[in-house]
Each structure stands twice: as structure tokens, then as C-alpha cells.
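Contents: one structure, followed by commentary.
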Amino acid sequence: MADRKPQRIVVAGAGIAGSLIASGLGGKAGVEVICLERAGADDHLDAGTGLNIGPNAIKALKAAMPERAQAIVDNSLAWQRWTISLTSGRPLMDLALSDVADNAGIRIRWAELYALLRKPLDEAIRYGAELLSCGRNDRGLYAVYRDGATGAETRIDDIDLLIAADGRYSRIREHFLSREEPHFLGVCLYRVLFPAGADCPVEDYGQWFNGPNRLLAFRVPGDFVYCAGSFPIEDGLVTDEMKTPQFLRGAYTPEGGELCAEAAYLVREIERNVDRIHWARLQDGTTRFDAGEGVLLVGDSAHPMVPTLGQGATQAVEDACVVVDEVRRALIAGNPLADVPANVSARRTERAEFVVSFSREATDTMLAGADPVAGTLKKLEPAFRSRLERLYRDVSVPLS
Ligand SMILES: Cc1cc2nc3c(=O)[nH]c(=O)nc-3n(C[C@H](O)[C@H](O)[C@H](O)COP(=O)(O)OP(=O)(O)OC[C@H]3O[C@@H](n4cnc5c(N)ncnc54)[C@H](O)[C@@H]3O)c2cc1C
């Protein structure tokens, strides 16, 4: 085997899935890993907001890439509780994650997470490199990228494994499968990060409802609070009027007019930071890992999902752990990497489809006309609890 040329892996996108896969495979004998990232090396350093990553991602990462898991846990806050209340203060749910998971999740800022994931890869990532096109010809798979600084276009041929880690609007998925129109759920979701300040009453992961209008917030390291607000948009559009402080205050203020301490604090900070809000709409799509021999989809390109259960990045981590394991197995067995997409698909599709549909169903309390009290009571029942346990505990942990 010593005279065989290394198999070439191209990873498009150094986001969550791509950077973990590239670091998990970097330095392995028998492979050459090229990672293309459209953004510049410093572009994501001030990436605006925060996220929570589920216990299942940490469990998978501890098994597959323990040093990466440790670095992330050391630089984040533990996600240990999930509370749900009304914005008036009436408590509806107080769940200890230890009741449904084997370990805690984490809370972190995006900028910190990107820095941690990319740190071991500084040499391996080609920043400012946007994949423009890709395909298959008689020599095999190829990809063309443009250098953002010089405008030069470079073609990479003889690719054994092309990994689409280029997110929700994946060019690779579009080329090898087809463009898929997203399925919108009729909910506006916006995010903002701000300094916690001395009077901050928000700590671990909490949600506050006024009808279907929801505030979600938690602290992240660096003494910041991450807040994601939402409200239904019946005609599917987020209008300028909805982006005003008056509309947002009105959306969360209960009929009696009294907000509890946490909701009052969040509404005040939303008003203060209204110009820095990132606006989005809830959407998901179909799951697909295998895009033909040697073409693998991962993360959002494989399974776009709504972020209701905080599982988008979480599942991207689970994907990465399985991909690294499958490539490792193929190399040990001397098998071609062209089969990796089918193998990953066999291990991941059922799980990813479960998470996509569970996330969509858990969005019930955020839809127009929803009753958060009745909806949250359902989340206290054994059926929901056992699905949460499946979500948080049943990771397809790679066996090395
Ligand atoms: C409002 C909101 C809140 C969310 N909150 C959470 C949360 O709390 N927890 C959670 O787990 N998930 C959350 N998510 C989901 C999460 O953001 C995504 O699921 C996750 O980032 C997917 O990871 P990925 O690696 O697939 O893609 P990404 O992280 O999107 O990375 C894709 C990378 O590819 C690069 N790229 C794209 N196109 C090209 C190209 N042509 N050439 C080269 N590079 C390219 C991009 O620059 C980027 O770096 C949230 C999403 C939204 C919208």
C-alpha cells in the first residue's frame, strides 16, 4: 500500500461540520484533505450571536474527538436546565437535563465556537476560497473555487471524496441533486447578543411565551446574553413594522400589561439593540446524505431543520463524528472513499429524519393560534420525555 497515492478529500465549508471533519482527518496517512472556506480568516471573529448545543453532540464528540470536546466544554457554559414560563411569570416547565440526558449541553458564542473549531486547522483551511462549481467527468470528481483576494479560479481534479459542508444553500447539493424550495413554517425568528449588565436575571436556557410569541434567552461566556425572539407571520413576510420596538414590546406584553423580571429585561434589551437584530424565518427541508459515489452531504446541506430544539449545529457535530469514523474505517480496510457517502447515509438517515421531524413538531407552540400552556403541558408527558431521551442519549457514537 505504501506506493499508493493519497486519496483526495475536498471539504467545502469550514463551518461546524466541515471544520470538525477536516480536523478529525487532518494528518491521517493515506489522505490529503483540502478545506475550502468562502469567508476570510477573520470574517467570523465577530459573528454576532450565540447558540446552545445539545448534550448529544457533546456525547458524540467525547467519544470520537475527545480533545475537541474538551476544548469546547472548557470554553463554554454548561446547559443544564430548560425552563418554560409565560411572559407574565407563570411557570410551566422546569426540566433538569440530567433527567433526560447523559451529560450537559453547552452555551457559547458563535465567534468563540468558530475560533475553537478552526484553531487546529489554521494551515489546512483555504480562506476566501468560494466553491463555484463542481461535477464529475471521465477523470472523476472535480471542484472549482475562486480566491476572494486575487479573483483567480483554481480547479481541483481527481477528488475521491467531495464533502458538502457548505450549509443550507449548498452548491454541491444543488448540482448533484436539485435546488429544493425550503418549507417555511410561518414563524419569524430573530437573534441578538448583548452585554448582560449588572441587573441581568437570565442564566440558563429559558423560554417565555405570550400566546405563540416567544422569547428564548441564556447567558454565554464573556458576560453576554443571547436572545432569540419569535412570532408567527401568517402571510410569511417579516414587515418593517414588525422590526420596530413598539411592535416587539406589544408582541410579548400580556393582556394585564405586567411582564415578569426576565421578560421585562429581555424586551428592554431588544428595544435597545433593535438595529443589531438578525432576522430569519423558520424553514426546513428533506434529508439526504448520499449524493452519488464520492459525494457526501453533511450538516445543513444534508438535513436543513428548524432550530426549535437547538439541533442544527448539534446534528452537524454528530454527522462529523460519523464521517471521521467512516473514513478511518475505509482507510484501515483499504476500501475506496467513494463508498463513504452510502455508509454514512446508512448510519445517519433515520436519526437525522427523526430529529428534523421532532424539531418541526416541537415548534407547535410557536405557530399562529397556538396555546403555549396546553402545548407545554404536552411536553411534560411521557411521550415527549421519551423522545427527548432518544434525542439526547441515542447518538450513533462511533466505535473506533
Ligand atoms: C436563528 C437560528 C438559530 C440557531 N440556533 C441554533 C442553536 O442554538 N443550536 C444549534 O445546534 N443550531 C442552531 N442553529 C442551526 C445552526 O446554525 C446550523 O444548523 C449549523 O450552523 C449548521 O452547520 P454546518 O456546518 O452544516 O453549516 P454552517 O455552520 O452554515 O457552515 C457552512 C460554511 O460553509 C461556508 N460556505 C458556504 N458556501 C460556500 C462555498 N460555496 N464555498 C466555500 N465555503 C462556503 C460558509 O461560509 C460557512 O462557513 C440555528 C440556526 C438559526 C437560523
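Residue names in the C-alpha cells use chain letters A, B, ... in the order shown, residue numbers from 1 in each chain, and ligand numbers from 1 in the order shown.
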
Contacts of Asp300 in chain A at 10 Å (only C-alpha atoms; same-chain gap of 2+ positions) as a ChimeraX atom specification: /A:16-17,164-170,284-285,287,297-298,302-305,312-313,315-316

Residues of the last selection are to be written out with C-alpha atoms, as a PDB file, in the first residue's frame.
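Below is the file result38.pdb, written as the result:
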ATOM      1  CA  ILE A  16     -19.375  23.346  12.249  1.00  0.00           C
ATOM      2  CA  ALA A  17     -19.378  20.096  10.270  1.00  0.00           C
ATOM      3  CA  ALA A 164     -20.633  19.366   1.065  1.00  0.00           C
ATOM      4  CA  ALA A 165     -20.304  21.152   4.404  1.00  0.00           C
ATOM      5  CA  ASP A 166     -21.360  24.405   2.749  1.00  0.00           C
ATOM      6  CA  GLY A 167     -24.562  24.918   4.691  1.00  0.00           C
ATOM      7  CA  ARG A 168     -28.201  25.419   3.884  1.00  0.00           C
ATOM      8  CA  TYR A 169     -27.787  26.813   0.372  1.00  0.00           C
ATOM      9  CA  SER A 170     -25.251  24.178  -0.662  1.00  0.00           C
ATOM     10  CA  ASP A 284     -36.664  23.094   6.911  1.00  0.00           C
ATOM     11  CA  GLY A 285     -36.264  20.579   4.086  1.00  0.00           C
ATOM     12  CA  THR A 287     -32.773  14.756   4.465  1.00  0.00           C
ATOM     13  CA  LEU A 297     -23.708  15.936   2.208  1.00  0.00           C
ATOM     14  CA  VAL A 298     -23.385  16.855   5.894  1.00  0.00           C
ATOM     15  CA  ALA A 302     -27.905  17.244   4.345  1.00  0.00           C
ATOM     16  CA  HIS A 303     -30.752  17.993   6.750  1.00  0.00           C
ATOM     17  CA  PRO A 304     -31.985  21.593   6.960  1.00  0.00           C
ATOM     18  CA  MET A 305     -34.107  21.815  10.111  1.00  0.00           C
ATOM     19  CA  GLY A 312     -28.887  22.170  13.694  1.00  0.00           C
ATOM     20  CA  ALA A 313     -25.280  22.605  14.797  1.00  0.00           C
ATOM     21  CA  GLN A 315     -26.549  17.308  14.352  1.00  0.00           C
ATOM     22  CA  ALA A 316     -23.699  18.767  12.279  1.00  0.00           C
TER      23      ALA A 316
END

Picked from range 125-312 of chain A by DSSP as strand (DSSP E), as an NGL selection string: :A and (125-127 or 129-137 or 140-147 or 153-159 or 161-164 or 183-195 or 206-210 or 213-220 or 224-232 or 278-284 or 295-297)

Only C-alpha atoms, please: the residues just picked out, written as a JSON list (two decimals), in the first residue's frame.
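And here's again_24.json as it stands now:
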[["chain", "number", "residue", "atom", "x", "y", "z"],
["A", 125, "ILE", "CA", -8.17, 25.82, 5.53],
["A", 126, "ARG", "CA", -8.04, 27.86, 2.32],
["A", 127, "TYR", "CA", -9.87, 31.01, 3.46],
["A", 129, "ALA", "CA", -11.99, 30.31, -1.28],
["A", 130, "GLU", "CA", -15.51, 30.05, -2.64],
["A", 131, "LEU", "CA", -16.51, 26.85, -4.37],
["A", 132, "LEU", "CA", -18.04, 28.00, -7.65],
["A", 133, "SER", "CA", -18.83, 24.74, -9.38],
["A", 134, "CYS", "CA", -18.26, 21.02, -9.16],
["A", 135, "GLY", "CA", -19.07, 17.91, -11.12],
["A", 136, "ARG", "CA", -17.98, 14.56, -12.43],
["A", 137, "ASN", "CA", -16.10, 13.89, -15.65],
["A", 140, "GLY", "CA", -13.63, 11.61, -11.61],
["A", 141, "LEU", "CA", -14.89, 14.38, -9.35],
["A", 142, "TYR", "CA", -13.67, 17.97, -9.62],
["A", 143, "ALA", "CA", -14.32, 21.32, -7.93],
["A", 144, "VAL", "CA", -13.55, 24.89, -9.00],
["A", 145, "TYR", "CA", -13.05, 27.67, -6.48],
["A", 146, "ARG", "CA", -12.30, 31.39, -6.63],
["A", 147, "ASP", "CA", -9.77, 33.14, -4.42],
["A", 153, "GLU", "CA", -10.00, 30.48, -10.22],
["A", 154, "THR", "CA", -8.46, 27.11, -9.38],
["A", 155, "ARG", "CA", -9.65, 23.69, -10.40],
["A", 156, "ILE", "CA", -9.09, 20.64, -8.21],
["A", 157, "ASP", "CA", -9.27, 17.32, -10.06],
["A", 158, "ASP", "CA", -9.07, 13.67, -9.02],
["A", 159, "ILE", "CA", -11.22, 14.09, -5.93],
["A", 161, "LEU", "CA", -14.47, 12.26, -1.68],
["A", 162, "LEU", "CA", -16.23, 15.62, -2.06],
["A", 163, "ILE", "CA", -17.91, 16.72, 1.17],
["A", 164, "ALA", "CA", -20.63, 19.37, 1.06],
["A", 183, "HIS", "CA", -40.53, 24.62, 3.59],
["A", 184, "PHE", "CA", -41.42, 27.72, 5.63],
["A", 185, "LEU", "CA", -43.32, 27.25, 8.89],
["A", 186, "GLY", "CA", -44.80, 30.77, 9.07],
["A", 187, "VAL", "CA", -42.68, 31.95, 12.02],
["A", 188, "CYS", "CA", -40.22, 34.85, 12.22],
["A", 189, "LEU", "CA", -37.18, 34.07, 14.38],
["A", 190, "TYR", "CA", -34.69, 36.80, 15.22],
["A", 191, "ARG", "CA", -31.49, 36.76, 17.26],
["A", 192, "VAL", "CA", -29.41, 39.29, 19.14],
["A", 193, "LEU", "CA", -26.46, 39.20, 21.54],
["A", 194, "PHE", "CA", -25.87, 41.93, 24.13],
["A", 195, "PRO", "CA", -23.80, 42.53, 27.32],
["A", 206, "GLY", "CA", -35.27, 29.78, 29.39],
["A", 207, "GLN", "CA", -38.32, 30.45, 27.24],
["A", 208, "TRP", "CA", -41.14, 32.94, 27.90],
["A", 209, "PHE", "CA", -44.41, 32.88, 25.94],
["A", 210, "ASN", "CA", -47.18, 35.38, 25.33],
["A", 213, "ASN", "CA", -44.91, 34.81, 20.65],
["A", 214, "ARG", "CA", -41.79, 33.51, 22.35],
["A", 215, "LEU", "CA", -38.63, 34.86, 23.93],
["A", 216, "LEU", "CA", -35.71, 32.47, 24.41],
["A", 217, "ALA", "CA", -32.55, 33.52, 26.21],
["A", 218, "PHE", "CA", -29.48, 32.33, 28.10],
["A", 219, "ARG", "CA", -26.11, 33.62, 29.21],
["A", 220, "VAL", "CA", -22.98, 32.83, 27.23],
["A", 224, "PHE", "CA", -23.23, 38.27, 27.29],
["A", 225, "VAL", "CA", -26.86, 37.25, 26.88],
["A", 226, "TYR", "CA", -28.09, 35.57, 23.71],
["A", 227, "CYS", "CA", -31.76, 36.18, 22.94],
["A", 228, "ALA", "CA", -33.87, 34.66, 20.16],
["A", 229, "GLY", "CA", -37.37, 36.05, 19.81],
["A", 230, "SER", "CA", -40.12, 34.74, 17.59],
["A", 231, "PHE", "CA", -43.68, 35.42, 16.47],
["A", 232, "PRO", "CA", -45.96, 33.90, 13.82],
["A", 278, "HIS", "CA", -30.51, 39.30, 12.75],
["A", 279, "TRP", "CA", -33.86, 38.42, 11.15],
["A", 280, "ALA", "CA", -34.78, 34.99, 9.77],
["A", 281, "ARG", "CA", -37.76, 32.75, 9.05],
["A", 282, "LEU", "CA", -38.18, 29.18, 10.28],
["A", 283, "GLN", "CA", -37.66, 26.69, 7.46],
["A", 284, "ASP", "CA", -36.66, 23.09, 6.91],
["A", 295, "VAL", "CA", -20.29, 12.93, -2.92],
["A", 296, "LEU", "CA", -21.36, 13.34, 0.69],
["A", 297, "LEU", "CA", -23.71, 15.94, 2.21]]

Between CA of Leu117 in chain A and CA of Ser19 in chain A, distance in Å (one decimal):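 That distance, rounded to one decimal, is 6.0 Å.
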
Looking at A:Gly128, A:Leu95, A:Asp74, A:Gly30, which one is nearest to Asp42 in chain A, with distances taken over only C-alpha atoms?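 The closest residue to Asp42 in chain A is A:Gly128.
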
Residues near Asp325 in chain A, anyone? I mean within 12 Å using only C-alpha atoms, not counting same-chain ones fewer than 6 positions away, as an mmCIF file with all heavy atoms, in the first residue's frame.
data_model
loop_
_atom_site.group_PDB
_atom_site.id
_atom_site.type_symbol
_atom_site.label_atom_id
_atom_site.label_comp_id
_atom_site.auth_asym_id
_atom_site.auth_seq_id
_atom_site.Cartn_x
_atom_site.Cartn_y
_atom_site.Cartn_z
ATOM 1 N N LEU A 20 -14.859 20.368 11.821
ATOM 2 C CA LEU A 20 -14.636 19.164 12.644
ATOM 3 C C LEU A 20 -14.144 17.995 11.794
ATOM 4 O O LEU A 20 -13.257 17.238 12.206
ATOM 5 C CB LEU A 20 -15.928 18.771 13.354
ATOM 6 C CG LEU A 20 -16.212 19.504 14.666
ATOM 7 C CD1 LEU A 20 -17.602 19.165 15.157
ATOM 8 C CD2 LEU A 20 -15.162 19.160 15.728
ATOM 9 N N ILE A 21 -14.710 17.842 10.604
ATOM 10 C CA ILE A 21 -14.272 16.741 9.732
ATOM 11 C C ILE A 21 -12.815 16.968 9.325
ATOM 12 O O ILE A 21 -11.988 16.049 9.382
ATOM 13 C CB ILE A 21 -15.182 16.646 8.481
ATOM 14 C CG1 ILE A 21 -16.568 16.151 8.884
ATOM 15 C CG2 ILE A 21 -14.569 15.726 7.428
ATOM 16 C CD1 ILE A 21 -17.616 16.238 7.785
ATOM 17 N N GLY A 24 -10.605 16.237 12.228
ATOM 18 C CA GLY A 24 -10.595 14.805 12.554
ATOM 19 C C GLY A 24 -9.793 13.984 11.557
ATOM 20 O O GLY A 24 -9.274 12.918 11.900
ATOM 21 N N LEU A 25 -9.680 14.464 10.328
ATOM 22 C CA LEU A 25 -8.967 13.701 9.293
ATOM 23 C C LEU A 25 -7.580 14.241 9.012
ATOM 24 O O LEU A 25 -6.770 13.582 8.346
ATOM 25 C CB LEU A 25 -9.772 13.710 7.988
ATOM 26 C CG LEU A 25 -11.143 13.057 8.053
ATOM 27 C CD1 LEU A 25 -11.852 13.175 6.716
ATOM 28 C CD2 LEU A 25 -11.010 11.583 8.454
ATOM 29 N N ALA A 60 -21.320 12.580 21.575
ATOM 30 C CA ALA A 60 -20.695 12.019 20.367
ATOM 31 C C ALA A 60 -19.254 12.488 20.233
ATOM 32 O O ALA A 60 -18.347 11.703 19.939
ATOM 33 C CB ALA A 60 -21.504 12.424 19.134
ATOM 34 N N LEU A 61 -19.049 13.785 20.484
ATOM 35 C CA LEU A 61 -17.709 14.351 20.299
ATOM 36 C C LEU A 61 -16.712 13.790 21.326
ATOM 37 O O LEU A 61 -15.550 13.542 21.005
ATOM 38 C CB LEU A 61 -17.810 15.877 20.424
ATOM 39 C CG LEU A 61 -16.770 16.722 19.704
ATOM 40 C CD1 LEU A 61 -16.683 16.374 18.229
ATOM 41 C CD2 LEU A 61 -17.090 18.207 19.873
ATOM 42 N N ALA A 63 -16.719 10.868 22.474
ATOM 43 C CA ALA A 63 -16.334 9.520 22.040
ATOM 44 C C ALA A 63 -15.416 9.557 20.829
ATOM 45 O O ALA A 63 -14.477 8.773 20.725
ATOM 46 C CB ALA A 63 -17.585 8.708 21.713
ATOM 47 N N ALA A 64 -15.676 10.499 19.898
ATOM 48 C CA ALA A 64 -14.953 10.466 18.620
ATOM 49 C C ALA A 64 -13.731 11.366 18.603
ATOM 50 O O ALA A 64 -12.710 11.016 18.008
ATOM 51 C CB ALA A 64 -15.902 10.882 17.498
ATOM 52 N N MET A 65 -13.821 12.549 19.196
ATOM 53 C CA MET A 65 -12.712 13.511 19.168
ATOM 54 C C MET A 65 -12.598 14.153 20.551
ATOM 55 O O MET A 65 -12.986 15.315 20.748
ATOM 56 C CB MET A 65 -12.972 14.590 18.100
ATOM 57 C CG MET A 65 -12.972 14.075 16.684
ATOM 58 S SD MET A 65 -13.296 15.439 15.517
ATOM 59 C CE MET A 65 -14.699 14.792 14.676
ATOM 60 N N GLU A 318 -22.760 15.592 15.238
ATOM 61 C CA GLU A 318 -22.954 14.132 15.146
ATOM 62 C C GLU A 318 -22.523 13.622 13.764
ATOM 63 O O GLU A 318 -21.861 12.585 13.655
ATOM 64 C CB GLU A 318 -24.423 13.753 15.401
ATOM 65 C CG GLU A 318 -24.820 13.755 16.859
ATOM 66 C CD GLU A 318 -26.171 13.051 17.086
ATOM 67 O OE1 GLU A 318 -26.543 12.162 16.299
ATOM 68 O OE2 GLU A 318 -26.860 13.404 18.054
ATOM 69 N N ASP A 319 -22.913 14.354 12.706
ATOM 70 C CA ASP A 319 -22.500 13.951 11.346
ATOM 71 C C ASP A 319 -20.982 13.829 11.265
ATOM 72 O O ASP A 319 -20.444 12.836 10.760
ATOM 73 C CB ASP A 319 -22.904 15.011 10.303
ATOM 74 C CG ASP A 319 -24.397 15.095 10.060
ATOM 75 O OD1 ASP A 319 -25.134 14.212 10.509
ATOM 76 O OD2 ASP A 319 -24.809 16.067 9.386
ATOM 77 N N LEU A 331 -10.060 3.653 5.311
ATOM 78 C CA LEU A 331 -8.603 3.674 5.136
ATOM 79 C C LEU A 331 -7.969 2.413 5.716
ATOM 80 O O LEU A 331 -7.090 1.804 5.108
ATOM 81 C CB LEU A 331 -8.008 4.919 5.808
ATOM 82 C CG LEU A 331 -8.388 6.257 5.156
ATOM 83 C CD1 LEU A 331 -7.866 7.423 5.992
ATOM 84 C CD2 LEU A 331 -7.858 6.345 3.729
ATOM 85 N N ILE A 332 -8.447 2.007 6.885
ATOM 86 C CA ILE A 332 -7.884 0.808 7.525
ATOM 87 C C ILE A 332 -8.144 -0.427 6.662
ATOM 88 O O ILE A 332 -7.273 -1.270 6.457
ATOM 89 C CB ILE A 332 -8.474 0.616 8.947
ATOM 90 C CG1 ILE A 332 -7.954 1.709 9.870
ATOM 91 C CG2 ILE A 332 -8.121 -0.763 9.523
ATOM 92 C CD1 ILE A 332 -8.656 1.805 11.204
ATOM 93 N N VAL A 340 -18.030 5.971 1.026
ATOM 94 C CA VAL A 340 -18.309 6.604 2.321
ATOM 95 C C VAL A 340 -19.706 7.243 2.359
ATOM 96 O O VAL A 340 -20.434 7.076 3.351
ATOM 97 C CB VAL A 340 -17.193 7.624 2.682
ATOM 98 C CG1 VAL A 340 -17.616 8.532 3.838
ATOM 99 C CG2 VAL A 340 -15.907 6.875 3.038
ATOM 100 N N ASN A 343 -22.293 4.696 3.157
ATOM 101 C CA ASN A 343 -22.143 4.170 4.522
ATOM 102 C C ASN A 343 -22.617 5.174 5.570
ATOM 103 O O ASN A 343 -23.253 4.811 6.557
ATOM 104 C CB ASN A 343 -20.680 3.794 4.774
ATOM 105 C CG ASN A 343 -20.228 2.663 3.863
ATOM 106 O OD1 ASN A 343 -21.056 1.925 3.321
ATOM 107 N ND2 ASN A 343 -18.923 2.538 3.657
ATOM 108 N N VAL A 344 -22.276 6.458 5.348
ATOM 109 C CA VAL A 344 -22.730 7.490 6.290
ATOM 110 C C VAL A 344 -24.257 7.575 6.240
ATOM 111 O O VAL A 344 -24.922 7.657 7.280
ATOM 112 C CB VAL A 344 -22.095 8.867 5.961
ATOM 113 C CG1 VAL A 344 -22.734 9.985 6.786
ATOM 114 C CG2 VAL A 344 -20.577 8.824 6.203
ATOM 115 N N ARG A 347 -25.913 4.951 8.263
ATOM 116 C CA ARG A 347 -25.823 5.143 9.717
ATOM 117 C C ARG A 347 -26.599 6.347 10.218
ATOM 118 O O ARG A 347 -26.970 6.406 11.387
ATOM 119 C CB ARG A 347 -24.350 5.307 10.124
ATOM 120 C CG ARG A 347 -23.663 3.975 10.331
ATOM 121 C CD ARG A 347 -22.187 4.145 10.574
ATOM 122 N NE ARG A 347 -21.865 4.632 11.909
ATOM 123 C CZ ARG A 347 -20.610 4.761 12.336
ATOM 124 N NH1 ARG A 347 -19.589 4.439 11.561
ATOM 125 N NH2 ARG A 347 -20.356 5.214 13.550
ATOM 126 N N SER A 396 -25.354 7.990 17.508
ATOM 127 C CA SER A 396 -24.671 6.847 16.889
ATOM 128 C C SER A 396 -23.171 7.040 17.120
ATOM 129 O O SER A 396 -22.442 7.436 16.226
ATOM 130 C CB SER A 396 -24.998 6.781 15.402
ATOM 131 O OG SER A 396 -25.081 8.077 14.859
ATOM 132 N N VAL A 397 -22.765 6.819 18.363
ATOM 133 C CA VAL A 397 -21.375 7.093 18.748
ATOM 134 C C VAL A 397 -20.431 6.187 17.969
ATOM 135 O O VAL A 397 -20.597 4.970 17.963
ATOM 136 C CB VAL A 397 -21.180 6.851 20.258
ATOM 137 C CG1 VAL A 397 -19.749 7.129 20.668
ATOM 138 C CG2 VAL A 397 -22.122 7.733 21.048
ATOM 139 N N PRO A 398 -19.452 6.775 17.285
ATOM 140 C CA PRO A 398 -18.530 5.942 16.519
ATOM 141 C C PRO A 398 -17.679 5.047 17.413
ATOM 142 O O PRO A 398 -17.237 5.473 18.476
ATOM 143 C CB PRO A 398 -17.636 6.971 15.824
ATOM 144 C CG PRO A 398 -18.354 8.265 15.935
ATOM 145 C CD PRO A 398 -19.174 8.184 17.168
ATOM 146 N N LEU A 399 -17.516 3.821 16.992
ATOM 147 C CA LEU A 399 -16.621 2.904 17.706
ATOM 148 C C LEU A 399 -15.319 2.853 16.945
ATOM 149 O O LEU A 399 -15.280 2.408 15.808
ATOM 150 C CB LEU A 399 -17.241 1.509 17.756
ATOM 151 C CG LEU A 399 -18.614 1.438 18.409
ATOM 152 C CD1 LEU A 399 -19.275 0.110 18.123
ATOM 153 C CD2 LEU A 399 -18.497 1.691 19.895
ATOM 154 N N SER A 400 -14.269 3.370 17.507
ATOM 155 C CA SER A 400 -13.002 3.438 16.771
ATOM 156 C C SER A 400 -12.312 2.094 16.780
ATOM 157 O O SER A 400 -12.472 1.335 17.706
ATOM 158 C CB SER A 400 -12.089 4.470 17.381
ATOM 159 O OG SER A 400 -12.792 5.664 17.465
#

Excluding range 360-362 of chain A and any residue of its chain fewer than 5 positions from it, enumerate the residues within 9 Å of it, using only C-alpha atoms, and give them as a list of chain:residue names. A:Leu185, A:Asp284, A:Met305, A:Val306, A:Pro307, A:Thr308, A:Leu309, A:Val355, A:Gly375, A:Lys379

Selected residues written out, C-alpha atoms, as a tab-separated table (two decimals), in the first residue's frame:
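What ended up in out.tsv:
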chain	number	residue	atom	x	y	z
A	185	LEU	CA	-43.32	27.25	8.89
A	284	ASP	CA	-36.66	23.09	6.91
A	305	MET	CA	-34.11	21.81	10.11
A	306	VAL	CA	-35.81	24.38	12.30
A	307	PRO	CA	-33.68	25.44	15.30
A	308	THR	CA	-36.51	24.92	17.80
A	309	LEU	CA	-34.67	22.19	19.73
A	355	VAL	CA	-34.50	14.98	14.62
A	375	GLY	CA	-48.61	22.80	24.36
A	379	LYS	CA	-44.13	18.46	26.76

Which residue of A:Val100, A:Ala152, A:Leu391, A:Ala115 approaches Glu353 in chain A most closely, using only C-alpha atoms: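 Nearest to Glu353 in chain A: A:Leu391.
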
Kindly indicate which residue among A:Gly334, A:Gly40, A:Gly151, A:Pro55 lies nearest to Val73 in chain A, using only C-alpha atoms for the distances.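 Smallest separation from Val73 in chain A among the options: A:Pro55.
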
Taking into account only C-alpha atoms, which residue in the set A:Gly15, A:Pro372, A:Pro221, A:Pro201 is nearest to Arg109 in chain A?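 Nearest to Arg109 in chain A: A:Pro221.
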
Nearby residues (only C-alpha atoms) at most 12 Å from Leu380 in chain A, same-chain spacing under 3 positions excluded, as a VMD selection string: chain A and resid 82 to 84 92 to 95 100 373 to 377 383 to 388

Of the candidates A:Leu77, A:Ala330, A:Ile172, A:Cys260, which one gets nearest to ligand 1 if we count only C-alpha atoms and all ligand atoms? A:Ile172

In terms of the shortest atom-to-atom distance over only C-alpha atoms and all ligand atoms, which of A:Val33, A:Ala346, A:Ile72, A:Val317 is closest to ligand 1?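 Of A:Val33, A:Ala346, A:Ile72, A:Val317, the one nearest ligand 1 is A:Val317, counting only C-alpha atoms and all ligand atoms.
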
What parts of range 155-297 of chain A does DSSP call alpha helix (DSSP H)? I'd like the answer as a VMD selection string. chain A and resid 171 to 176 245 to 252 261 to 272

Excluding Asn56 in chain A and any residue of its chain fewer than 6 positions from it, enumerate the residues within 9 Å of it, using only C-alpha atoms, and give them as a ChimeraX atom specification. /A:101-105,314-315,318,391-395
